[in-house]
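First the structure, in the form of structure tokens, and then the observations on it.
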Amino acid sequence: MSYNNFSIIIPVYNELNNIEKLFNEIRFSLNNFDTYQIIFIDDGSTDDSQDILKDLENKKLIQLIKNKKNIGQSYSIYKGIKNAKYETIITLDGDGQNNPNDIPKLLKMYNETNNKLIGGIRINRKDNYIKKISSIIANNIRRFILKDNCKDTGCSLKIFDRKIFLSFPYFDGLHRFLPALFKGYGYNTDFINVSHRQRNSGNSKYGTLDRLFKGVRDIFIVNSIIKKINTK
């Protein structure tokens with residue numbers, strides 16, 4: 001397979017017991033690929049995550065970016081993408097719930113179509129009931145208002161164009177609205193089913209209800225951004 005030259009962006013916050021396993025899974029799943037980089041963004045971890053990340057960095061296996069304090073996923077992803085050296089970006093969570101074995105499938109679809117974003121749709125989600133219900137509510141509200149045709153914008157496993165991403169105005173929550181923004185700016189998008197796994201270690205770092213209410217608020221921010229670009 002020859003789909004090379006891409007950067008993988010992984011934000012982590014207190015994922016001590018997940019980082020090395022995830023890194024090894026990524027390397028194994030990309031065994032047939034030659035030219036790519038893995039960027040971990042340590043979002044102010046207070047456990048020993050940084051020790052593992054520094055070891056991988058010292059072995060020249062990853063690029064490490066360190067936030068001085070916990071700032072959040074959106075900023076971490078944005079910072080990682082700004083520092084990426086390739087124009088094709090892949091994002092996934094650092095908790096191990098995204099399966100790296102799905103990455104080649106996304107790469108194939110991205111490179112063989114005219115889509116500028118391919119998003120994963122999690123099937124058989126391994127989250128608790130409250131998290132699933134809040135996600136369904138937020139997704140339905142978002143799809144109704146933004147018309148982005150995405151059933152699961154919360155899936156972190158995505159592949160997209162770096163330059164287009166960096167053309168969007170930054171706001172906290174940006175990473176959850178990429179399908180709507182790409183589509184709103186006139187670019188083709190598509191989605192593909194991906195697997196979802198149980199979290200084996202650690203806890204979710206983001207409150208379910210807080211994320212639901214913030215997500216609903218952010219919908220109107222995104223809607224305003226899209227309206228501005230379409231009136232220019």
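We label chains A, B, ... in the order they appear in the structure tokens, count residues from 1 in each chain, and number ligands from 1 in the order shown.
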Can you check which residues of region 66-181 of chain A DSSP gives as helix (DSSP H, G or I) on the backbone and send them as a ChimeraX atom specification? /A:73-82,100-111,129-146,162-167,174-181
Per residue of region 74-135 of chain A within 12 Å of region 176-180 of chain A, record the nearest atom pair and its distance in Å to one decimal, counting only C-alpha atoms, with rows in chain order and ascending residue number, as CSV.
residue,atom,partner,partner_atom,distance
A:Ser74,CA,A:Arg176,CA,8.2
A:Tyr75,CA,A:Arg176,CA,11.9
A:Ile77,CA,A:Arg176,CA,10.9
A:Tyr78,CA,A:Leu178,CA,11.9
A:Thr91,CA,A:Leu178,CA,11.4
A:Asn115,CA,A:Pro179,CA,11.1
A:Lys116,CA,A:Pro179,CA,9.8
A:Leu117,CA,A:Pro179,CA,7.2
A:Ile118,CA,A:Pro179,CA,8.4
A:Gly119,CA,A:Pro179,CA,7.5
A:Gly120,CA,A:Pro179,CA,10.6
A:Ile121,CA,A:Pro179,CA,11.7
A:Ser135,CA,A:Arg176,CA,11.7
Would you save the residues from that selection as an mmCIF file, in the first residue's frame, using N, CA, C and O atoms?
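And here is the file that came out, selection-v9.cif:
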data_model
loop_
_atom_site.group_PDB
_atom_site.id
_atom_site.type_symbol
_atom_site.label_atom_id
_atom_site.label_comp_id
_atom_site.auth_asym_id
_atom_site.auth_seq_id
_atom_site.Cartn_x
_atom_site.Cartn_y
_atom_site.Cartn_z
ATOM 1 N N SER A 74 -9.334 20.450 21.980
ATOM 2 C CA SER A 74 -9.318 21.289 20.778
ATOM 3 C C SER A 74 -7.980 21.996 20.609
ATOM 4 O O SER A 74 -7.380 21.973 19.523
ATOM 5 N N TYR A 75 -7.502 22.616 21.678
ATOM 6 C CA TYR A 75 -6.230 23.330 21.590
ATOM 7 C C TYR A 75 -5.088 22.364 21.304
ATOM 8 O O TYR A 75 -4.194 22.660 20.499
ATOM 9 N N ILE A 77 -5.188 19.417 19.771
ATOM 10 C CA ILE A 77 -5.257 18.955 18.386
ATOM 11 C C ILE A 77 -4.792 20.055 17.440
ATOM 12 O O ILE A 77 -4.013 19.817 16.506
ATOM 13 N N TYR A 78 -5.258 21.263 17.677
ATOM 14 C CA TYR A 78 -4.870 22.406 16.841
ATOM 15 C C TYR A 78 -3.353 22.607 16.869
ATOM 16 O O TYR A 78 -2.717 22.806 15.823
ATOM 17 N N THR A 91 -6.524 12.002 13.089
ATOM 18 C CA THR A 91 -6.663 12.214 14.533
ATOM 19 C C THR A 91 -7.300 10.985 15.172
ATOM 20 O O THR A 91 -8.139 10.326 14.557
ATOM 21 N N ASN A 115 -12.928 13.397 -1.484
ATOM 22 C CA ASN A 115 -13.343 13.914 -0.185
ATOM 23 C C ASN A 115 -12.156 14.541 0.546
ATOM 24 O O ASN A 115 -11.049 14.002 0.519
ATOM 25 N N LYS A 116 -12.422 15.656 1.213
ATOM 26 C CA LYS A 116 -11.378 16.325 1.988
ATOM 27 C C LYS A 116 -11.439 15.953 3.468
ATOM 28 O O LYS A 116 -10.576 16.355 4.241
ATOM 29 N N LEU A 117 -12.476 15.230 3.843
ATOM 30 C CA LEU A 117 -12.577 14.694 5.206
ATOM 31 C C LEU A 117 -13.325 13.369 5.157
ATOM 32 O O LEU A 117 -14.365 13.265 4.508
ATOM 33 N N ILE A 118 -12.758 12.379 5.819
ATOM 34 C CA ILE A 118 -13.440 11.107 6.056
ATOM 35 C C ILE A 118 -13.535 10.941 7.572
ATOM 36 O O ILE A 118 -12.515 10.975 8.271
ATOM 37 N N GLY A 119 -14.743 10.782 8.083
ATOM 38 C CA GLY A 119 -14.930 10.625 9.520
ATOM 39 C C GLY A 119 -15.369 9.219 9.879
ATOM 40 O O GLY A 119 -16.101 8.570 9.130
ATOM 41 N N GLY A 120 -14.913 8.747 11.009
ATOM 42 C CA GLY A 120 -15.345 7.444 11.507
ATOM 43 C C GLY A 120 -16.706 7.539 12.177
ATOM 44 O O GLY A 120 -17.019 8.534 12.831
ATOM 45 N N ILE A 121 -17.509 6.506 12.006
ATOM 46 C CA ILE A 121 -18.787 6.371 12.707
ATOM 47 C C ILE A 121 -18.674 5.136 13.599
ATOM 48 O O ILE A 121 -18.530 4.013 13.115
ATOM 49 N N SER A 135 -24.918 11.656 23.761
ATOM 50 C CA SER A 135 -24.327 11.761 22.433
ATOM 51 C C SER A 135 -25.404 11.755 21.352
ATOM 52 O O SER A 135 -25.341 12.524 20.384
#
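With CA of Cys150 (chain A) on one side and CA of Ser195 (chain A) on the other, the separation reads 16.3 Å.
Using only C-alpha atoms, the shortest contact distance between Ser49 (chain A) and any of A:Ile19, A:Ile136, A:Leu157, A:Ile26 is found at A:Ile19.
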Show which residues sit within 10 Å of region 82-87 of chain A, as a PyMOL selection string. Count only C-alpha atoms, and ignore same-chain residues fewer than 2 positions away. chain A and resi 4-9+35-39+63+65+76-80+89-90+160-166
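Secondary structure by DSSP on the backbone puts the following residues of region 56-188 of chain A in strand (DSSP E or B): Gln63, Leu64, Ile65, Lys66, Thr88, Ile89, Ile90, Thr91, Asn98, Leu117, Ile118, Gly119, Gly120, Ile121, Arg122, Lys158, Ile159, Phe160 and Asp161 of chain A.
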Save out the residues we just selected, C-alpha atoms, as a tab-separated table (two decimals), in the first residue's frame.
chain	number	residue	atom	x	y	z
A	63	GLN	CA	7.22	13.93	18.15
A	64	LEU	CA	6.16	15.19	21.58
A	65	ILE	CA	4.43	18.48	22.28
A	66	LYS	CA	3.89	19.44	25.91
A	88	THR	CA	-2.81	14.74	5.41
A	89	ILE	CA	-3.91	14.60	9.05
A	90	ILE	CA	-5.29	11.67	11.04
A	91	THR	CA	-6.66	12.21	14.53
A	98	ASN	CA	-10.34	4.07	18.68
A	117	LEU	CA	-12.58	14.69	5.21
A	118	ILE	CA	-13.44	11.11	6.06
A	119	GLY	CA	-14.93	10.63	9.52
A	120	GLY	CA	-15.34	7.44	11.51
A	121	ILE	CA	-18.79	6.37	12.71
A	122	ARG	CA	-18.52	4.24	15.84
A	158	LYS	CA	-10.84	11.22	11.23
A	159	ILE	CA	-8.64	11.97	8.23
A	160	PHE	CA	-8.61	15.37	6.57
A	161	ASP	CA	-6.70	18.14	4.81
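Restricting the calculation to only C-alpha atoms, the smallest distance between Lys69 (chain A) and any of A:Gly94, A:Gly44, A:Pro169, A:Gly215 is found for A:Gly44.
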Report as a ChimeraX atom specification all protein, DNA and RNA residues lying within 9 Å of Pro104 (chain A), evaluated on only C-alpha atoms, omitting residues in the same chain fewer than 4 positions from it. /A:1,3,29-30,100,108-109
With N, CA, C and O atoms retained, write the just-selected residues as a short mmCIF file (atom, residue, chain, number, x, y, z; two decimals), in the first residue's frame.
data_model
loop_
_atom_site.label_atom_id
_atom_site.label_comp_id
_atom_site.auth_asym_id
_atom_site.auth_seq_id
_atom_site.Cartn_x
_atom_site.Cartn_y
_atom_site.Cartn_z
N MET A 1 0.85 -1.19 0.00
CA MET A 1 0.00 0.00 0.00
C MET A 1 0.89 1.24 0.00
O MET A 1 1.91 1.29 0.68
N TYR A 3 -0.09 4.69 0.39
CA TYR A 3 -0.67 5.94 0.88
C TYR A 3 0.19 6.48 2.02
O TYR A 3 -0.08 6.27 3.20
N SER A 29 -0.38 -1.62 12.90
CA SER A 29 -1.42 -1.44 11.87
C SER A 29 -0.88 -0.74 10.63
O SER A 29 -1.44 -0.88 9.53
N LEU A 30 0.22 0.00 10.79
CA LEU A 30 0.81 0.74 9.67
C LEU A 30 2.11 0.10 9.21
O LEU A 30 3.00 0.78 8.65
N PRO A 100 -6.63 1.44 15.96
CA PRO A 100 -5.71 1.82 14.88
C PRO A 100 -5.83 0.95 13.64
O PRO A 100 -5.43 1.38 12.54
N LYS A 108 -7.33 4.60 2.64
CA LYS A 108 -7.72 4.12 1.31
C LYS A 108 -8.88 4.94 0.75
O LYS A 108 -8.84 5.40 -0.40
N MET A 109 -9.90 5.14 1.56
CA MET A 109 -11.07 5.89 1.11
C MET A 109 -10.71 7.34 0.82
O MET A 109 -11.17 7.92 -0.18
#
So the first atom is CA of Phe40 (chain A) and the second is CA of Leu53 (chain A); what is the distance between them in Å, to one decimal place? 7.6 Å
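Between CA of Asn139 (chain A) and CA of Gly154 (chain A) the separation is 8.3 Å.
Excluding region 228-232 of chain A itself and same-chain residues fewer than 5 positions from it, the residues having an atom within 10 Å of it are Gly184, Tyr185, Gly186, Val222 and Asn223 of chain A, counting only C-alpha atoms.
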